[in-house]
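The structure appears right after this line, and notes come after that.
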Number of protein chains: 2
Amino acid sequence: MGQNYTPTARTRVVREAERAVYDRDAVCRILDEGFVCHVGFVIDGQPFVIPTGYGRAGDRLYIHGSAASRMLRNLQRSVPVCVTVTLVDGLVLARSIFNHSMNYRSVVVLGTARAVEDPAEKLEALRRLSEHILPGRWAESRPPNEQELKATVILSLPITEVSAKVRQGPPLDDAEDYAFPTWAGVIPLQTVAGEPIRDQRSDPAIPVPAYARGYSRKRGAE
Amino acid sequence: MGQNYTPTARTRVVREAERAVYDRDAVCRILDEGFVCHVGFVIDGQPFVIPTGYGRAGDRLYIHGSAASRMLRNLQRSVPVCVTVTLVDGLVLARSIFNHSMNYRSVVVLGTARAVEDPAEKLEALRRLSEHILPGRWAESRPPNEQELKATVILSLPITEVSAKVRQGPPLDDAEDYAFPTWAGVIPLQTVAGEPIRDQRSDPAIPVPAYARGYSRKRGAE
């Protein structure tokens, strides 16, 4: 309850520090609403940023390793990463160009990701990742066999060195700009799910499951 | 017409190479539909990934530097970056857990970003960035003054070392799994704009502009 992360020199928000959030519940809510992260890693001094799916399980992120081949190739099985999750909530239209902004919520997690090696732990990590992205689906799918599990890379990253940044609400203009004759406000943006599209090879007698019909990321943190 | 980027050892897609796209028009369409990128950079061997707004102007990306303070602090005015733009189009529900996937389009641009210093170039870069995110808004806003322009950081990155990765369409299952009795298909996802929310301090006599009412990222590449 009310637990806070301690910002380090690396996670302390430098710009617009009033937007910084170190509250654990707030961080977890952002991580739970998102399901795609951007993983940053370094090879020969060059940064790489790759999008991939992830799941949260308590104070741990499980990151799908489809991005991992380049990251893990020629490397030991652990690697310094930055994992960033961003939810874009709207465009903020101010009177001045300078005060235009976006409403967003983002989380940055720094640390050393390690590949999950133990088969039982990997299966459980994969289940948590799957349930994070699409709750209910795991139990209705053909589970991974030994070979598939071997071919799957899951990275595990503790959520300890972490910060969030949040901007919400109307534009904030300089006092003398409020009289400027232009519309000002917010264009809200959200990610919405459309009608599920049945695979042509899927038996029409099988109903669309509830978790697909009513898909939404808006749920409380668990 | 039909121009292709030449993949380098760093941009050649390693995993799922059949999803790789090096076609210039396809890359530009993805960059034009997106407006938030994730910028990766390195400090003391640690990768950082920060979300920020961007715009495309021809073969150049202009990246808003709200993320730049940590990136540029103590550094020269140019820095190796990776800029990644990701559009998530849907969840792909296969019969097997292993063949679950996402439909997405992503672009990765590598290179050296430099801060735009010349005031005239910076103003034009800012205009291109603004028009990329919200076409029509620039002309109806109070333009940046000299001080604001000085306080704005814009990074410029040539779109030369670049690759895209695209997955679309239904799930692809192993032959023996098609009989598995579960629903299979795609949950389409898209980012949609809601009804614009007028700032309480905005004069109700000013109508909501068309670019705010009908906001959509679905437009052709220019």
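Each chain in the structure tokens gets a letter, A, B and so on, in the order shown; residues start at 1 in every chain, and ligands are counted from 1 in the order they appear.
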
Can you work out which residues from chain A touch chain B at a cut-off of 7 Å (counting only C-alpha atoms) and hand them back as a ChimeraX atom specification? /A:14-15,40-42,46-49,51,69-70,80-82,84,86,95-98,140-144,148,170,182-199,202,206-208,212

Write the selection just made, keeping N, CA and C atoms, as a compact mmCIF listing (two decimals), in the first residue's frame?
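Output file selection.txt follows:
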```txt
# COMPACT_ATOMS: atom_id res chain seq x y z
N VAL A 14 14.23 13.84 -15.48
CA VAL A 14 15.02 15.07 -15.58
C VAL A 14 14.14 16.21 -16.10
N ARG A 15 13.46 15.96 -17.21
CA ARG A 15 12.62 17.00 -17.82
C ARG A 15 11.21 16.90 -17.27
N GLY A 40 15.08 -1.80 -25.22
CA GLY A 40 16.33 -1.22 -25.71
C GLY A 40 17.51 -2.03 -25.20
N PHE A 41 18.46 -2.27 -26.08
CA PHE A 41 19.70 -2.95 -25.70
C PHE A 41 20.82 -2.41 -26.58
N VAL A 42 22.05 -2.77 -26.26
CA VAL A 42 23.21 -2.16 -26.92
C VAL A 42 24.09 -3.24 -27.52
N GLN A 46 25.96 0.63 -30.27
CA GLN A 46 24.76 1.05 -31.01
C GLN A 46 23.51 0.61 -30.26
N PRO A 47 22.61 1.56 -29.95
CA PRO A 47 21.34 1.14 -29.33
C PRO A 47 20.41 0.51 -30.36
N PHE A 48 19.65 -0.48 -29.90
CA PHE A 48 18.57 -1.07 -30.68
C PHE A 48 17.30 -1.00 -29.85
N VAL A 49 16.18 -0.73 -30.51
CA VAL A 49 14.89 -0.66 -29.82
C VAL A 49 13.90 -1.52 -30.60
N PRO A 51 10.10 -3.62 -30.59
CA PRO A 51 8.80 -3.82 -29.92
C PRO A 51 8.51 -5.30 -29.70
N SER A 69 16.81 -12.49 -30.59
CA SER A 69 17.90 -13.18 -31.27
C SER A 69 19.11 -12.27 -31.42
N ARG A 70 18.87 -11.03 -31.88
CA ARG A 70 19.97 -10.11 -32.06
C ARG A 70 20.56 -9.74 -30.69
N PRO A 80 21.98 -5.90 -20.17
CA PRO A 80 21.37 -4.67 -19.67
C PRO A 80 20.33 -4.16 -20.66
N VAL A 81 19.14 -3.88 -20.16
CA VAL A 81 18.06 -3.43 -21.03
C VAL A 81 17.35 -2.22 -20.43
N CYS A 82 16.60 -1.57 -21.29
CA CYS A 82 15.61 -0.59 -20.86
C CYS A 82 14.30 -1.01 -21.50
N THR A 84 10.42 0.04 -22.04
CA THR A 84 9.55 1.20 -21.96
C THR A 84 8.16 0.85 -22.47
N THR A 86 4.43 2.66 -23.22
CA THR A 86 3.83 3.98 -23.43
C THR A 86 2.37 3.85 -23.82
N ARG A 95 -2.82 27.17 -27.12
CA ARG A 95 -2.89 28.35 -28.00
C ARG A 95 -1.55 28.55 -28.70
N SER A 96 -0.48 28.36 -27.97
CA SER A 96 0.84 28.52 -28.58
C SER A 96 1.36 27.17 -29.04
N ILE A 97 2.09 27.18 -30.14
CA ILE A 97 2.75 25.95 -30.59
C ILE A 97 3.59 25.37 -29.46
N PHE A 98 4.29 26.23 -28.75
CA PHE A 98 5.24 25.78 -27.73
C PHE A 98 4.57 24.95 -26.64
N GLU A 140 -7.69 -22.31 -23.33
CA GLU A 140 -8.42 -22.77 -24.52
C GLU A 140 -7.51 -23.01 -25.72
N SER A 141 -6.22 -23.01 -25.50
CA SER A 141 -5.28 -23.21 -26.61
C SER A 141 -4.53 -24.51 -26.42
N ARG A 142 -3.99 -25.00 -27.50
CA ARG A 142 -3.14 -26.20 -27.41
C ARG A 142 -1.84 -25.77 -26.75
N PRO A 143 -1.51 -26.37 -25.59
CA PRO A 143 -0.34 -25.90 -24.84
C PRO A 143 0.96 -26.17 -25.57
N PRO A 144 2.01 -25.46 -25.19
CA PRO A 144 3.31 -25.65 -25.85
C PRO A 144 3.86 -27.05 -25.57
N GLU A 148 8.55 -26.68 -28.70
CA GLU A 148 8.13 -25.28 -28.82
C GLU A 148 8.63 -24.45 -27.64
N PRO A 170 -6.06 19.33 -19.51
CA PRO A 170 -6.15 20.35 -20.58
C PRO A 170 -4.80 20.99 -20.86
N THR A 182 -7.93 30.90 -30.93
CA THR A 182 -7.90 29.58 -31.56
C THR A 182 -8.55 28.59 -30.62
N TRP A 183 -9.11 27.51 -31.19
CA TRP A 183 -9.69 26.47 -30.35
C TRP A 183 -8.58 25.82 -29.53
N ALA A 184 -8.87 25.49 -28.30
CA ALA A 184 -7.89 24.81 -27.45
C ALA A 184 -8.59 23.70 -26.68
N GLY A 185 -7.89 22.61 -26.53
CA GLY A 185 -8.46 21.47 -25.82
C GLY A 185 -7.68 20.21 -26.09
N VAL A 186 -8.36 19.09 -25.95
CA VAL A 186 -7.69 17.79 -26.07
C VAL A 186 -8.44 16.93 -27.09
N ILE A 187 -7.70 16.29 -27.98
CA ILE A 187 -8.26 15.23 -28.81
C ILE A 187 -7.92 13.91 -28.12
N PRO A 188 -8.92 13.26 -27.49
CA PRO A 188 -8.61 12.01 -26.79
C PRO A 188 -8.34 10.87 -27.77
N LEU A 189 -7.40 10.04 -27.43
CA LEU A 189 -7.05 8.90 -28.26
C LEU A 189 -7.12 7.63 -27.42
N GLN A 190 -7.61 6.57 -28.02
CA GLN A 190 -7.50 5.29 -27.32
C GLN A 190 -7.41 4.14 -28.31
N THR A 191 -6.88 3.05 -27.81
CA THR A 191 -6.79 1.84 -28.61
C THR A 191 -8.05 1.03 -28.36
N VAL A 192 -8.76 0.73 -29.43
CA VAL A 192 -10.00 -0.04 -29.28
C VAL A 192 -9.95 -1.29 -30.14
N ALA A 193 -10.65 -2.30 -29.64
CA ALA A 193 -10.73 -3.56 -30.37
C ALA A 193 -11.95 -3.56 -31.26
N GLY A 194 -11.80 -4.05 -32.47
CA GLY A 194 -12.93 -4.21 -33.38
C GLY A 194 -13.55 -5.59 -33.25
N GLU A 195 -14.53 -5.83 -34.08
CA GLU A 195 -15.19 -7.13 -34.15
C GLU A 195 -14.16 -8.22 -34.48
N PRO A 196 -14.10 -9.29 -33.69
CA PRO A 196 -13.14 -10.36 -34.00
C PRO A 196 -13.37 -10.94 -35.40
N ILE A 197 -12.29 -11.24 -36.09
CA ILE A 197 -12.35 -11.78 -37.45
C ILE A 197 -11.99 -13.26 -37.40
N ARG A 198 -12.98 -14.09 -37.67
CA ARG A 198 -12.75 -15.53 -37.60
C ARG A 198 -11.83 -15.99 -38.72
N ASP A 199 -10.87 -16.82 -38.38
CA ASP A 199 -10.03 -17.46 -39.38
C ASP A 199 -10.93 -18.30 -40.29
N SER A 202 -11.51 -21.72 -39.28
CA SER A 202 -12.06 -21.98 -37.95
C SER A 202 -13.52 -22.41 -38.09
N ILE A 206 -17.98 -23.01 -33.56
CA ILE A 206 -17.32 -22.57 -32.32
C ILE A 206 -17.62 -21.09 -32.11
N PRO A 207 -18.28 -20.73 -31.00
CA PRO A 207 -18.63 -19.32 -30.81
C PRO A 207 -17.39 -18.46 -30.53
N VAL A 208 -17.52 -17.17 -30.83
CA VAL A 208 -16.44 -16.23 -30.49
C VAL A 208 -16.37 -16.14 -28.97
N ALA A 212 -12.58 -12.47 -26.48
CA ALA A 212 -12.28 -11.87 -27.79
C ALA A 212 -13.35 -10.84 -28.17
```

DSSP on the backbone, alpha helix (DSSP H) only: what residues of region 7-221 of chain B does that give? Format it as JSON, numbers by chain. {"B": [24, 25, 26, 27, 28, 29, 30, 31, 32, 33, 68, 69, 70, 71, 72, 119, 120, 121, 122, 123, 124, 125, 126, 127, 128, 129, 130, 131, 132, 133, 146, 147, 148, 149, 150, 151, 210, 211, 212, 213]}

Atom-to-atom span, CA of Ile30 (chain B) and CA of Ala164 (chain B), Å: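 That distance, rounded to one decimal, is 8.5 Å.
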
Quick one: pull the distance between CA of Glu121 (chain A) and CA of Asp173 (chain B), Å, one decimal.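 So the two atoms, CA of Glu121 (chain A) and CA of Asp173 (chain B), lie 24.8 Å apart.
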
Taking the DSSP secondary structure from the backbone, can you list the residues of region 51-169 of chain A that are strand (DSSP E), as a count of residues only? 55

So how far away is CA of Phe35 (chain B) from CA of Gln168 (chain B), in Å?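 Between these atoms lies a distance of 20.6 Å.
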
Selection near Arg217 (chain A), 8 Å with only C-alpha atoms, sequence-local residues under 3 positions removed, as a short mmCIF file (atom, residue, chain, number, x, y, z; two decimals) with N, CA and C atoms, in the first residue's frame:
```
data_model
loop_
_atom_site.label_atom_id
_atom_site.label_comp_id
_atom_site.auth_asym_id
_atom_site.auth_seq_id
_atom_site.Cartn_x
_atom_site.Cartn_y
_atom_site.Cartn_z
N ASP A 32 -0.08 -2.80 -16.60
CA ASP A 32 -1.17 -3.76 -16.82
C ASP A 32 -2.09 -3.34 -17.97
N GLU A 33 -2.18 -2.06 -18.24
CA GLU A 33 -3.01 -1.62 -19.37
C GLU A 33 -2.27 -1.86 -20.69
N GLY A 34 -0.96 -1.72 -20.67
CA GLY A 34 -0.18 -1.97 -21.89
C GLY A 34 0.06 -3.45 -22.10
#
```
